[in-house]
$ cat upload_21.pdb   # PDB, C-alpha atoms and all ligand atoms
ATOM      1  CA  ALA A   1     115.051  85.854 113.430
ATOM      2  CA  ARG A   2     111.534  84.537 112.889
ATOM      3  CA  ASP A   3     112.383  81.514 115.014
ATOM      4  CA  PHE A   4     114.435  83.298 117.557
ATOM      5  CA  ALA A   5     112.465  86.514 118.221
ATOM      6  CA  PRO A   6     109.195  84.935 119.480
ATOM      7  CA  MET A   7     111.081  82.398 121.619
ATOM      8  CA  HIS A   8     113.156  85.175 123.103
ATOM      9  CA  ALA A   9     110.049  87.315 123.719
ATOM     10  CA  ALA A  10     108.214  84.402 125.369
ATOM     11  CA  ARG A  11     111.149  83.712 127.624
ATOM     12  CA  LEU A  12     111.316  87.389 128.662
ATOM     13  CA  ARG A  13     107.494  87.584 128.886
ATOM     14  CA  VAL A  14     107.364  90.591 126.565
ATOM     15  CA  SER A  15     105.546  91.221 123.265
ATOM     16  CA  ALA A  16     106.995  90.325 119.862
ATOM     17  CA  VAL A  17     106.096  92.259 116.722
ATOM     18  CA  THR A  18     107.472  90.670 113.564
ATOM     19  CA  ASP A  19     107.887  91.680 109.910
ATOM     20  CA  VAL A  20     107.607  95.391 110.693
ATOM     21  CA  ILE A  21     107.585  97.759 107.695
ATOM     22  CA  GLY A  22     107.006 101.068 109.497
ATOM     23  CA  ILE A  23     107.528 102.610 112.925
ATOM     24  CA  ASP A  24     105.632 105.672 114.099
ATOM     25  CA  GLY A  25     106.177 107.533 117.375
ATOM     26  CA  ALA A  26     108.414 106.596 120.266
ATOM     27  CA  GLY A  27     108.390 105.080 123.741
ATOM     28  CA  GLU A  28     105.265 103.315 124.970
ATOM     29  CA  LEU A  29     103.092 104.936 122.282
ATOM     30  CA  VAL A  30     105.114 103.606 119.377
ATOM     31  CA  LYS A  31     102.979 102.123 116.597
ATOM     32  CA  PHE A  32     104.325  99.403 114.332
ATOM     33  CA  THR A  33     103.021  98.760 110.832
ATOM     34  CA  ARG A  34     103.097  95.156 109.637
ATOM     35  CA  PRO A  35     101.511  93.230 106.760
ATOM     36  CA  MET A  36      98.925  90.557 107.580
ATOM     37  CA  PHE A  37      97.305  87.729 105.621
ATOM     38  CA  GLN A  38     100.098  87.640 103.028
ATOM     39  CA  GLY A  39      99.978  91.369 102.436
ATOM     40  CA  LYS A  40      96.197  91.668 101.982
ATOM     41  CA  LEU A  41      95.990  93.985 104.992
ATOM     42  CA  THR A  42      98.386  96.319 106.715
ATOM     43  CA  ALA A  43      97.891  96.449 110.474
ATOM     44  CA  SER A  44      98.862  99.139 112.927
ATOM     45  CA  VAL A  45     100.063  97.418 116.073
ATOM     46  CA  VAL A  46     100.811  98.688 119.575
ATOM     47  CA  ALA A  47     102.760  96.324 121.834
ATOM     48  CA  LYS A  48     101.382  95.553 125.277
ATOM     49  CA  THR A  49     104.791  95.590 126.910
ATOM     50  CA  THR A  50     107.984  97.568 126.973
ATOM     51  CA  PRO A  51     110.493  96.500 126.047
ATOM     52  CA  VAL A  52     109.193  94.775 122.940
ATOM     53  CA  ILE A  53     111.081  92.469 120.582
ATOM     54  CA  VAL A  54     110.765  93.678 116.992
ATOM     55  CA  THR A  55     111.916  92.173 113.706
ATOM     56  CA  VAL A  56     111.790  94.189 110.487
ATOM     57  CA  GLN A  57     110.960  93.001 106.991
ATOM     58  CA  ILE A  58     113.967  92.663 104.725
ATOM     59  CA  GLY A  59     114.245  95.690 102.407
ATOM     60  CA  ALA A  60     111.680  97.762 104.360
ATOM     61  CA  PHE A  61     114.283 100.169 105.742
ATOM     62  CA  ARG A  62     117.329 101.630 104.057
ATOM     63  CA  ALA A  63     120.614 100.790 105.728
ATOM     64  CA  ASP A  64     122.120 104.145 104.748
ATOM     65  CA  ALA A  65     119.261 106.003 106.509
ATOM     66  CA  VAL A  66     119.948 104.388 109.895
ATOM     67  CA  ARG A  67     120.405 106.945 112.655
ATOM     68  CA  ARG A  68     122.056 106.486 116.012
ATOM     69  CA  GLY A  69     119.430 105.559 118.630
ATOM     70  CA  GLY A  70     118.695 106.918 122.089
ATOM     71  CA  SER A  71     120.261 106.155 125.404
ATOM     72  CA  ALA A  72     119.743 102.424 125.824
ATOM     73  CA  SER A  73     122.530 101.028 127.917
ATOM     74  CA  THR A  74     124.373  97.864 127.005
ATOM     75  CA  SER A  75     126.338  95.588 129.237
ATOM     76  CA  PRO A  76     128.702  92.897 128.003
ATOM     77  CA  VAL A  77     127.949  89.393 129.244
ATOM     78  CA  ASP A  78     130.454  86.575 129.242
ATOM     79  CA  VAL A  79     128.862  83.509 127.694
ATOM     80  CA  ALA A  80     130.318  80.045 127.784
ATOM     81  CA  ILE A  81     128.495  77.656 125.470
ATOM     82  CA  ASP A  82     129.010  73.953 125.705
ATOM     83  CA  THR A  83     128.974  73.011 121.997
ATOM     84  CA  ALA A  84     127.781  69.533 122.923
ATOM     85  CA  ALA A  85     124.541  71.139 124.146
ATOM     86  CA  ILE A  86     123.717  72.649 120.725
ATOM     87  CA  ARG A  87     121.021  70.470 119.211
ATOM     88  CA  GLN A  88     120.661  72.207 115.844
ATOM     89  CA  GLN A  89     123.088  71.629 113.023
ATOM     90  CA  PRO A  90     122.861  73.779 109.853
ATOM     91  CA  GLU A  91     122.474  71.859 106.622
ATOM     92  CA  ALA A  92     123.286  72.847 103.055
ATOM     93  CA  PRO A  93     121.012  75.695 101.808
ATOM     94  CA  PHE A  94     117.908  74.715  99.888
ATOM     95  CA  GLN A  95     118.472  74.673  96.156
ATOM     96  CA  GLU A  96     115.391  76.891  95.611
ATOM     97  CA  ALA A  97     116.752  79.575  97.901
ATOM     98  CA  LYS A  98     119.978  79.627  95.913
ATOM     99  CA  GLN A  99     118.172  80.162  92.639
ATOM    100  CA  ALA A 100     115.533  82.608  93.900
ATOM    101  CA  VAL A 101     115.896  86.273  92.956
ATOM    102  CA  ASP A 102     116.486  88.420  95.992
ATOM    103  CA  LEU A 103     115.223  91.772  94.742
ATOM    104  CA  SER A 104     115.630  93.254  98.206
ATOM    105  CA  GLN A 105     119.392  93.307  97.683
ATOM    106  CA  ALA A 106     119.299  94.818  94.161
ATOM    107  CA  GLU A 107     120.988  98.192  93.652
ATOM    108  CA  ARG A 108     118.958  98.936  90.509
ATOM    109  CA  ILE A 109     115.588  97.619  89.404
ATOM    110  CA  VAL A 110     113.640  97.962  86.159
ATOM    111  CA  ALA A 111     110.021  97.086  86.906
ATOM    112  CA  VAL A 112     107.450  96.458  84.254
ATOM    113  CA  GLY A 113     103.670  96.790  84.444
ATOM    114  CA  ARG A 114     100.600  96.172  82.360
ATOM    115  CA  GLY A 115     101.654  98.984  80.017
ATOM    116  CA  ILE A 116     104.021  96.460  78.391
ATOM    117  CA  LYS A 117     100.868  94.907  76.863
ATOM    118  CA  ALA A 118     102.196  91.417  76.014
ATOM    119  CA  GLN A 119     104.723  88.876  77.228
ATOM    120  CA  ASP A 120     106.456  89.073  73.841
ATOM    121  CA  ASN A 121     107.354  92.693  74.602
ATOM    122  CA  LEU A 122     109.266  91.836  77.792
ATOM    123  CA  PRO A 123     112.686  91.767  76.022
ATOM    124  CA  LEU A 124     112.286  95.541  75.700
ATOM    125  CA  ALA A 125     112.464  95.881  79.485
ATOM    126  CA  GLN A 126     115.016  93.082  79.799
ATOM    127  CA  ASN A 127     117.377  94.911  77.431
ATOM    128  CA  LEU A 128     117.074  98.123  79.439
ATOM    129  CA  ALA A 129     117.709  96.200  82.670
ATOM    130  CA  LYS A 130     120.779  94.579  81.120
ATOM    131  CA  ALA A 131     122.135  97.930  79.919
ATOM    132  CA  MET A 132     121.634  99.364  83.425
ATOM    133  CA  GLY A 133     122.998  96.326  85.271
ATOM    134  CA  ALA A 134     119.580  96.090  86.928
ATOM    135  CA  GLU A 135     117.274  93.280  88.059
ATOM    136  CA  LEU A 136     113.958  92.893  86.269
ATOM    137  CA  ALA A 137     110.831  93.140  88.441
ATOM    138  CA  ALA A 138     107.107  93.506  87.800
ATOM    139  CA  SER A 139     103.734  94.591  89.103
ATOM    140  CA  ARG A 140     101.323  91.910  90.228
ATOM    141  CA  PRO A 141      99.258  91.512  87.022
ATOM    142  CA  ILE A 142     102.428  90.613  85.109
ATOM    143  CA  CYS A 143     103.254  87.820  87.565
ATOM    144  CA  ASP A 144      99.606  86.738  87.889
ATOM    145  CA  SER A 145      99.564  86.265  84.112
ATOM    146  CA  GLY A 146     102.657  84.071  84.390
ATOM    147  CA  TRP A 147     104.729  86.434  82.211
ATOM    148  CA  LEU A 148     107.372  86.600  84.951
ATOM    149  CA  PRO A 149     107.813  84.381  88.028
ATOM    150  CA  MET A 150     106.130  85.421  91.303
ATOM    151  CA  GLU A 151     109.518  86.021  92.925
ATOM    152  CA  ARG A 152     109.868  89.100  90.696
ATOM    153  CA  GLN A 153     106.669  90.744  91.972
ATOM    154  CA  VAL A 154     107.104  93.973  93.909
ATOM    155  CA  GLY A 155     104.421  95.160  96.288
ATOM    156  CA  SER A 156     102.432  94.462  99.413
ATOM    157  CA  SER A 157     101.894  90.827  98.402
ATOM    158  CA  GLY A 158     105.295  90.552  96.690
ATOM    159  CA  GLN A 159     108.797  91.635  97.609
ATOM    160  CA  THR A 160     109.694  94.859  99.390
ATOM    161  CA  VAL A 161     112.627  96.557  97.714
ATOM    162  CA  ALA A 162     114.849  99.548  98.436
ATOM    163  CA  PRO A 163     117.240  99.965  95.491
ATOM    164  CA  ARG A 164     119.186 103.104  94.686
ATOM    165  CA  LEU A 165     117.295 103.379  91.396
ATOM    166  CA  TYR A 166     113.810 102.060  90.562
ATOM    167  CA  VAL A 167     112.544 102.500  87.004
ATOM    168  CA  ALA A 168     108.800 101.815  86.662
ATOM    169  CA  LEU A 169     107.712 101.143  83.065
ATOM    170  CA  GLY A 170     103.973 101.236  82.356
ATOM    171  CA  ILE A 171     103.098 100.845  86.037
ATOM    172  CA  SER A 172     100.206 102.950  87.332
ATOM    173  CA  GLY A 173     101.599 103.123  90.872
ATOM    174  CA  ALA A 174      98.697 101.555  92.811
ATOM    175  CA  ILE A 175      99.005 101.685  96.595
ATOM    176  CA  GLN A 176      99.791  97.948  96.786
ATOM    177  CA  HIS A 177     102.686  98.403  94.360
ATOM    178  CA  HIS A 178     103.876 101.598  95.993
ATOM    179  CA  GLY A 179     103.987  99.816  99.370
ATOM    180  CA  GLY A 180     106.739  97.553  98.052
ATOM    181  CA  MET A 181     109.004 100.131  96.415
ATOM    182  CA  LYS A 182     108.577 103.354  98.351
ATOM    183  CA  GLY A 183     111.941 102.839 100.049
ATOM    184  CA  SER A 184     113.731 103.280  96.698
ATOM    185  CA  ARG A 185     116.153 106.172  96.742
ATOM    186  CA  THR A 186     115.372 107.462  93.238
ATOM    187  CA  ILE A 187     112.183 106.553  91.412
ATOM    188  CA  VAL A 188     111.754 107.076  87.657
ATOM    189  CA  GLY A 189     108.281 106.647  86.192
ATOM    190  CA  VAL A 190     107.567 106.109  82.490
ATOM    191  CA  ASN A 191     103.853 106.294  81.770
ATOM    192  CA  LYS A 192     101.751 107.670  78.952
ATOM    193  CA  ASP A 193      99.135 108.964  81.412
ATOM    194  CA  ALA A 194     100.317 112.226  83.005
ATOM    195  CA  ASP A 195      97.843 111.687  85.876
ATOM    196  CA  ALA A 196      99.128 108.197  86.787
ATOM    197  CA  PRO A 197      99.750 107.934  90.567
ATOM    198  CA  ILE A 198     103.349 106.823  89.909
ATOM    199  CA  PHE A 199     104.168 110.465  89.152
ATOM    200  CA  GLU A 200     103.137 111.456  92.692
ATOM    201  CA  VAL A 201     106.041 109.431  94.083
ATOM    202  CA  ALA A 202     108.526 109.610  91.189
ATOM    203  CA  ASP A 203     111.646 111.776  91.426
ATOM    204  CA  TYR A 204     111.782 111.835  87.614
ATOM    205  CA  GLY A 205     108.804 111.305  85.362
ATOM    206  CA  ILE A 206     108.664 110.699  81.629
ATOM    207  CA  VAL A 207     105.169 111.121  80.185
ATOM    208  CA  GLY A 208     105.124 109.127  76.997
ATOM    209  CA  ASP A 209     104.897 105.808  75.234
ATOM    210  CA  LEU A 210     107.292 103.282  76.742
ATOM    211  CA  PHE A 211     107.609 101.592  73.344
ATOM    212  CA  GLU A 212     109.363 104.749  72.088
ATOM    213  CA  ILE A 213     111.165 105.768  75.279
ATOM    214  CA  VAL A 214     112.652 102.445  76.414
ATOM    215  CA  PRO A 215     114.508 101.598  73.168
ATOM    216  CA  ALA A 216     115.880 105.159  73.027
ATOM    217  CA  LEU A 217     117.076 104.950  76.670
ATOM    218  CA  THR A 218     118.633 101.540  76.076
ATOM    219  CA  ALA A 219     120.406 102.713  72.894
ATOM    220  CA  GLU A 220     121.907 105.700  74.796
ATOM    221  CA  LEU A 221     123.117 103.486  77.646
ATOM    222  CA  VAL A 222     124.618 100.903  75.295
ATOM    223  CA  LYS A 223     126.409 103.697  73.389
ATOM    224  CA  LYS A 224     128.069 104.847  76.606
TER     225      LYS A 224
HETATM  226  P1  LIG A 301      97.656  99.132  85.580
HETATM  227  O1  LIG A 301      97.113  99.683  86.840
HETATM  228  O2  LIG A 301      96.702  98.607  84.573
HETATM  229  O3  LIG A 301      98.570 100.253  84.942
HETATM  230  C1  LIG A 301      99.152 100.164  83.675
HETATM  231  C2  LIG A 301      99.775 101.531  83.399
HETATM  232  O4  LIG A 301     100.475 101.485  82.179
HETATM  233  C3  LIG A 301      98.741 102.664  83.285
HETATM  234  O5  LIG A 301      99.061 103.695  84.196
HETATM  235  C4  LIG A 301      98.864 103.133  81.838
HETATM  236  O6  LIG A 301      98.709 104.535  81.693
HETATM  237  C5  LIG A 301     100.292 102.715  81.509
HETATM  238  N1  LIG A 301     100.510 102.475  80.086
HETATM  239  C6  LIG A 301      99.745 101.763  79.220
HETATM  240  N2  LIG A 301     100.312 101.741  77.992
HETATM  241  C7  LIG A 301     101.484 102.420  78.094
HETATM  242  C8  LIG A 301     102.522 102.745  77.179
HETATM  243  N3  LIG A 301     102.480 102.315  75.894
HETATM  244  N4  LIG A 301     103.555 103.486  77.604
HETATM  245  C9  LIG A 301     103.617 103.930  78.884
HETATM  246  N5  LIG A 301     102.653 103.654  79.807
HETATM  247  C10 LIG A 301     101.610 102.902  79.421
HETATM  248  N6  LIG A 301     100.069  95.088  92.712
HETATM  249  C11 LIG A 301     101.410  95.038  92.683
HETATM  250  O7  LIG A 301     102.051  95.565  91.756
HETATM  251  N7  LIG A 301     102.083  94.371  93.671
HETATM  252  C12 LIG A 301     101.450  93.764  94.719
HETATM  253  O8  LIG A 301     102.122  93.181  95.566
HETATM  254  C13 LIG A 301     100.041  93.834  94.772
HETATM  255  N8  LIG A 301      99.363  93.272  95.797
HETATM  256  C14 LIG A 301      98.006  93.394  95.841
HETATM  257  C15 LIG A 301      97.305  92.850  96.940
HETATM  258  C16 LIG A 301      95.936  92.976  96.999
HETATM  259  C17 LIG A 301      95.215  92.396  98.180
HETATM  260  C18 LIG A 301      95.240  93.634  95.958
HETATM  261  C19 LIG A 301      93.743  93.786  96.011
HETATM  262  C20 LIG A 301      95.923  94.158  94.880
HETATM  263  C21 LIG A 301      97.302  94.027  94.790
HETATM  264  N9  LIG A 301      98.006  94.540  93.698
HETATM  265  C22 LIG A 301      99.368  94.487  93.718
HETATM  266  C23 LIG A 301      97.334  95.036  92.488
HETATM  267  C24 LIG A 301      97.257  96.560  92.422
HETATM  268  O9  LIG A 301      96.093  97.009  93.077
HETATM  269  C25 LIG A 301      97.200  97.029  90.958
HETATM  270  O10 LIG A 301      96.103  96.435  90.328
HETATM  271  C26 LIG A 301      98.450  96.709  90.160
HETATM  272  O11 LIG A 301      99.609  97.185  90.839
HETATM  273  C27 LIG A 301      98.372  97.398  88.804
HETATM  274  O12 LIG A 301      99.437  96.971  88.017
HETATM  275  P2  LIG A 301      99.955  97.868  86.805
HETATM  276  O13 LIG A 301     100.359  99.204  87.317
HETATM  277  O14 LIG A 301     100.962  97.066  86.073
HETATM  278  O15 LIG A 301      98.664  97.934  85.859
END
$ encode --input "upload_21.pdb" --output "structure tokens" --more "lines below"
Ligand code: FAD
Amino acid sequence: ARDFAPMHAARLRVSAVTDVIGIDGAGELVKFTRPMFQGKLTASVVAKTTPVIVTVQIGAFRADAVRRGGSASTSPVDVAIDTAAIRQQPEAPFQEAKQAVDLSQAERIVAVGRGIKAQDNLPLAQNLAKAMGAELAASRPICDSGWLPMERQVGSSGQTVAPRLYVALGISGAIQHHGGMKGSRTIVGVNKDADAPIFEVADYGIVGDLFEIVPALTAELVKK
């Protein structure tokens, strides 16, 4: 879509807005939100034309929240493509892409933050993730420290995720982290600080020490 959308927009002489993570308003006044400079800024963009070609960031919107649109009409067009005219041939997928973790597709995520204190304590979160059948993710400081690979970072400069269940362990809930996981259906926060911002967005909050809570949760899940 990143190749196709701008080419299509240029051919139609209309605007293209890519990587959209939020849409506000309707019609000509619609405002699109999109990250810029690798997530360092979030821009509010108004297209100069209608129609406008828009692509959305993977994981930014929940498929089960899609609503039927307005009254745009569609007309079927018969297309005959001469296969000899196709100049692009797909090749085997890159090996890296095969191995990379696609958190945007995860149903359940256990995310770990600086509250975990040391890399040696990560198995605590890994065991909970395993018991839940969840992917392990992290806040930026954890990935910056090299405790987990960058592909596991959630947030405005990491991946955007929308799982059914997001468990945040020792994560304060900074705006840059929140930006990447706010689409989660159910958010559980475990933090020893009752005033941590994560509790403003959590559906369930456990105020306490993750080093006590996580093993107890894991033991219960394993028992079942
Ligand atoms: P902290 O903010 O240090 O929070 C640690 C939390 O753990 C605290 O709330 C504390 O109460 C709790 N805690 C400590 N001990 C325990 C315990 N024993 N039990 C339970 N709780 C405990 N951040 C991201 O995550 N993703 C991004 O993509 C991202 N992009 C950024 C882009 C820019 C341009 C900038 C400037 C920042 C970005 N950040 C990003 C960083 C962000 O601002 C925060 O600094 C970061 O999210 C904080 O990570 P944290 O919650 O793990 O750590």
$ residues_around --input "upload_21.pdb" --residues "Leu136 (chain A)" --least-positions-apart "6" --cutoff "7 Å" --atoms "all atoms listed in the file" --output "PyMOL selection string"
chain A and resi 109-111+126+129
$ residues_around --input "upload_21.pdb" --residues "region 24-27 of chain A" --least-positions-apart "3" --cutoff "10 Å" --atoms "only C-alpha atoms" --output "PyMOL selection string"
chain A and resi 30-33+44+50-51
$ residues_near_ligand --input "upload_21.pdb" --ligand "ligand LIG 301 (chain A)" --cutoff "7 Å" --atoms "only C-alpha atoms and all ligand atoms" --output "PyMOL selection string"
chain A and resi 39-40+112-117+138-142+153-158+169-177+180+190-193+196+208-211
$ residues_around --input "upload_21.pdb" --residues "region 55-59 of chain A" --least-positions-apart "2" --cutoff "6 Å" --atoms "only C-alpha atoms" --output "ChimeraX atom specification"
/A:18-21,61,104,160-162
$ resolve_selection --input "upload_21.pdb" --expression "the PyMOL selection byres (((chain A and resi 64) around 12) and not hetatm)" --output "list in words"
Gly59, Phe61, Arg62, Ala63, Ala65, Val66, Arg67, Arg68, Ala162, Pro163, Arg164, Gly183, Ser184 and Arg185 of chain A
$ atom_distance --input "upload_21.pdb" --atom1 "CA of Ser15 (chain A)" --atom2 "CA of Met181 (chain A)"
28.5 Å
$ atom_distance --input "upload_21.pdb" --atom1 "CA of Gln119 (chain A)" --atom2 "CA of Ala202 (chain A)"
25.3 Å
$ atom_distance --input "upload_21.pdb" --atom1 "CA of Leu103 (chain A)" --atom2 "CA of Ile53 (chain A)"
26.2 Å
$ build_atoms --input "upload_21.pdb" --residues "region 175-196 of chain A" --atoms "N, CA, C and O atoms" --output "compact mmCIF listing (two decimals), keeping the file's coordinate frame"
# COMPACT_ATOMS: atom_id res chain seq x y z
N ILE A 175 98.51 101.66 95.21
CA ILE A 175 99.00 101.68 96.60
C ILE A 175 99.71 100.37 96.96
O ILE A 175 100.74 100.37 97.64
N GLN A 176 99.18 99.25 96.45
CA GLN A 176 99.79 97.95 96.79
C GLN A 176 101.17 97.81 96.14
O GLN A 176 102.03 97.13 96.66
N HIS A 177 101.36 98.45 94.99
CA HIS A 177 102.69 98.40 94.36
C HIS A 177 103.62 99.38 95.08
O HIS A 177 104.75 99.04 95.42
N HIS A 178 103.09 100.56 95.33
CA HIS A 178 103.88 101.60 95.99
C HIS A 178 104.42 101.10 97.34
O HIS A 178 105.57 101.36 97.70
N GLY A 179 103.58 100.33 98.06
CA GLY A 179 103.99 99.82 99.37
C GLY A 179 105.28 99.02 99.30
O GLY A 179 106.04 98.98 100.27
N GLY A 180 105.56 98.40 98.16
CA GLY A 180 106.74 97.55 98.05
C GLY A 180 107.97 98.25 97.54
O GLY A 180 109.06 97.68 97.56
N MET A 181 107.81 99.50 97.01
CA MET A 181 109.00 100.13 96.42
C MET A 181 109.24 101.55 96.91
O MET A 181 110.12 102.24 96.42
N LYS A 182 108.46 101.96 97.91
CA LYS A 182 108.58 103.35 98.35
C LYS A 182 109.91 103.66 99.03
O LYS A 182 110.29 104.82 99.16
N GLY A 183 110.63 102.62 99.43
CA GLY A 183 111.94 102.84 100.05
C GLY A 183 113.04 103.09 99.03
O GLY A 183 114.20 103.31 99.41
N SER A 184 112.71 103.06 97.73
CA SER A 184 113.73 103.28 96.70
C SER A 184 114.28 104.70 96.81
O SER A 184 113.53 105.64 97.07
N ARG A 185 115.57 104.84 96.56
CA ARG A 185 116.15 106.17 96.74
C ARG A 185 115.71 107.11 95.62
O ARG A 185 115.30 108.22 95.85
N THR A 186 115.81 106.64 94.37
CA THR A 186 115.37 107.46 93.24
C THR A 186 114.39 106.65 92.41
O THR A 186 114.69 105.52 92.03
N ILE A 187 113.23 107.26 92.17
CA ILE A 187 112.18 106.55 91.41
C ILE A 187 111.97 107.28 90.08
O ILE A 187 111.81 108.51 90.06
N VAL A 188 112.02 106.52 89.00
CA VAL A 188 111.75 107.08 87.66
C VAL A 188 110.49 106.40 87.13
O VAL A 188 110.42 105.18 87.10
N GLY A 189 109.52 107.21 86.74
CA GLY A 189 108.28 106.65 86.19
C GLY A 189 108.19 106.94 84.70
O GLY A 189 108.45 108.06 84.27
N VAL A 190 107.83 105.91 83.93
CA VAL A 190 107.57 106.11 82.49
C VAL A 190 106.13 105.66 82.27
O VAL A 190 105.80 104.49 82.47
N ASN A 191 105.28 106.62 81.92
CA ASN A 191 103.85 106.29 81.77
C ASN A 191 103.23 107.27 80.79
O ASN A 191 103.54 108.45 80.80
N LYS A 192 102.32 106.77 79.96
CA LYS A 192 101.75 107.67 78.95
C LYS A 192 100.63 108.53 79.53
O LYS A 192 100.18 109.48 78.89
N ASP A 193 100.19 108.19 80.76
CA ASP A 193 99.14 108.96 81.41
C ASP A 193 99.77 109.93 82.43
O ASP A 193 100.29 109.51 83.46
N ALA A 194 99.68 111.22 82.13
CA ALA A 194 100.32 112.23 83.00
C ALA A 194 99.71 112.24 84.40
O ALA A 194 100.33 112.74 85.35
N ASP A 195 98.50 111.70 84.56
CA ASP A 195 97.84 111.69 85.88
C ASP A 195 98.06 110.37 86.63
O ASP A 195 97.45 110.15 87.68
N ALA A 196 98.90 109.49 86.11
CA ALA A 196 99.13 108.20 86.79
C ALA A 196 99.73 108.45 88.18
O ALA A 196 100.60 109.31 88.33
